[in-house]
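Notes to accompany the following structure.
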Amino acid sequence: MYQSMAQVKIKLAIFDLDGTLLNTIEDLGRSCNFALESCGFPARALSEYNTLVGRGIYNLFRGALPPEARTEEMVMKMKGYFIPYYNEHKTDFTKPYPGIPEMLERLEKAGIALAIASNKYQEGTEALARRFFGDRKFVKILGQRDGMPIKPDPGIVREAEKGYGENPARNEVIYAGDSDVDMETGKNAGVVTAGVLWGFRTRAELEAWKPQMLCASPEELGNAILNWPGTGF
């Protein structure tokens, strides 16, 4: 049973990475285009990657490949080109969205634990988190790992909660992201869910999942987390 409204406070804030904390779209798109062209296929417009990313790299490759070429053999061939190239170029254009570092610092100083739960492959997730947010003490930095279900499966949220070290109530945990996959993940996990409007997807896509919060800026998201429960849960 949920606590009374007066007792509720967010204890753990879990964030998606791409499109939520970091604007990674150009490096992802360029790296996928390198893999496509290396496999003999035409590159895609960078704008197409706004809807192709977010479901793990294997689904990224499947979506980027021409329909007739979407075999598991070709997906793994794409991976062989993509990973080394992206590891070398993942910070060419990538940077935090304005206000993100300040928001994370503010939440941490308020005693809220932080975690990252992404569908980006684990090595890339950890590397970007260290590069851009190395001064933050995340209880977990989680990405896509072979043999582990990806979002929207709620397992990644549960794993982040274990990293917190306690057993927080569902309304003491928030999951924030920019896509329908993120909204579904939060809903599946039964936690407070926040849609961010500065990322790769549209307001309509996020609204369709009826998250508890829709925030237009990191500052607004920070305020909403600190002032939860607001209008209730």
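Order determines the names: the first chain of the structure tokens is A, the second B, and so forth; residues in each chain are numbered 1 upward, and ligands are numbered 1 upward as they are shown.
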
Write out as a VMD selection string all residues of range 22-174 of chain A that DSSP puts in helix (DSSP H, G or I) for this structure's backbone.
chain A and resid 25 to 38 46 to 52 57 to 64 67 to 69 72 to 89 100 to 109 122 to 133 155 to 164 170 to 172

Select from range 195-226 of chain A every residue with an atom at most 10 Å from any atom of range 21-25 of chain A, then for each give the shortest pair of atoms and their distance in Å to one decimal, using only C-alpha atoms, rows by chain and rising number, as JSON lines.
{"residue": "A:Val196", "atom": "CA", "partner": "A:Leu21", "partner_atom": "CA", "distance": 9.8}
{"residue": "A:Trp198", "atom": "CA", "partner": "A:Asn23", "partner_atom": "CA", "distance": 9.3}
{"residue": "A:Gly199", "atom": "CA", "partner": "A:Asn23", "partner_atom": "CA", "distance": 7.4}
{"residue": "A:Phe200", "atom": "CA", "partner": "A:Ile25", "partner_atom": "CA", "distance": 7.9}
{"residue": "A:Pro218", "atom": "CA", "partner": "A:Leu21", "partner_atom": "CA", "distance": 8.9}

Taking N, CA, C and O atoms for each residue, export the selection above as a PDB file, in the first residue's frame.
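Written file, again03.pdb:
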ATOM      1  N   VAL A 196      10.227  13.478 -20.779  1.00  0.00           N
ATOM      2  CA  VAL A 196      10.976  14.708 -21.019  1.00  0.00           C
ATOM      3  C   VAL A 196      10.796  15.124 -22.472  1.00  0.00           C
ATOM      4  O   VAL A 196      10.863  14.291 -23.382  1.00  0.00           O
ATOM      5  N   TRP A 198      12.531  17.392 -24.284  1.00  0.00           N
ATOM      6  CA  TRP A 198      13.675  17.933 -25.028  1.00  0.00           C
ATOM      7  C   TRP A 198      14.421  16.844 -25.811  1.00  0.00           C
ATOM      8  O   TRP A 198      15.440  17.115 -26.439  1.00  0.00           O
ATOM      9  N   GLY A 199      13.937  15.615 -25.791  1.00  0.00           N
ATOM     10  CA  GLY A 199      14.669  14.511 -26.390  1.00  0.00           C
ATOM     11  C   GLY A 199      14.318  14.231 -27.833  1.00  0.00           C
ATOM     12  O   GLY A 199      14.000  15.137 -28.618  1.00  0.00           O
ATOM     13  N   PHE A 200      14.325  12.946 -28.203  1.00  0.00           N
ATOM     14  CA  PHE A 200      14.221  12.541 -29.598  1.00  0.00           C
ATOM     15  C   PHE A 200      12.784  12.362 -30.083  1.00  0.00           C
ATOM     16  O   PHE A 200      12.546  12.291 -31.287  1.00  0.00           O
ATOM     17  N   PRO A 218      15.151  20.436 -17.987  1.00  0.00           N
ATOM     18  CA  PRO A 218      15.724  19.777 -16.820  1.00  0.00           C
ATOM     19  C   PRO A 218      15.393  20.491 -15.508  1.00  0.00           C
ATOM     20  O   PRO A 218      15.188  19.838 -14.481  1.00  0.00           O
TER      21      PRO A 218
END

Which of A:Glu220, A:Glu205, A:Glu105, A:Asp178 sits closest to Thr20 in chain A [using only C-alpha atoms]
A:Asp178

Write out as a tab-separated table a residue-level contact list of range 34-86 of chain A versus range 106-119 of chain A with cut-off 8 Å: for each qualifying residue the closest pair of atoms and the distance in Å to one decimal, counting only C-alpha atoms, rows sorted by chain and residue number upward.
residue	atom	partner	partner_atom	distance
A:Gly54	CA	A:Asn119	CA	6.2
A:Arg55	CA	A:Asn119	CA	6.0
A:Gly56	CA	A:Asn119	CA	4.7
A:Ile57	CA	A:Asn119	CA	7.7

Export, as a tab-separated table (two decimals), in the first residue's frame, the selected residues with all heavy atoms.
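File selection-v7.tsv, as written:
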chain	number	residue	atom	x	y	z
A	54	GLY	N	16.76	3.84	-29.34
A	54	GLY	CA	15.99	3.70	-28.11
A	54	GLY	C	15.55	2.29	-27.77
A	54	GLY	O	15.05	2.05	-26.68
A	55	ARG	N	15.75	1.34	-28.70
A	55	ARG	CA	15.32	-0.03	-28.46
A	55	ARG	C	16.48	-1.01	-28.50
A	55	ARG	O	16.31	-2.19	-28.78
A	55	ARG	CB	14.25	-0.43	-29.49
A	55	ARG	CG	12.97	0.38	-29.37
A	55	ARG	CD	11.98	0.08	-30.49
A	55	ARG	NE	10.72	0.79	-30.28
A	55	ARG	CZ	10.50	2.06	-30.62
A	55	ARG	NH1	11.48	2.76	-31.20
A	55	ARG	NH2	9.32	2.63	-30.39
A	56	GLY	N	17.68	-0.52	-28.22
A	56	GLY	CA	18.87	-1.35	-28.24
A	56	GLY	C	19.52	-1.36	-29.61
A	56	GLY	O	18.89	-1.09	-30.63
A	57	ILE	N	20.82	-1.69	-29.64
A	57	ILE	CA	21.55	-1.58	-30.91
A	57	ILE	C	21.08	-2.60	-31.93
A	57	ILE	O	21.09	-2.31	-33.13
A	57	ILE	CB	23.08	-1.65	-30.72
A	57	ILE	CG1	23.49	-2.97	-30.05
A	57	ILE	CG2	23.58	-0.47	-29.93
A	57	ILE	CD1	25.01	-3.18	-30.07

Residues of range 114-209 of chain A in strand (DSSP E or B) according to DSSP, as a VMD selection string?
chain A and resid 114 to 121 138 to 144 173 to 177 192 to 196
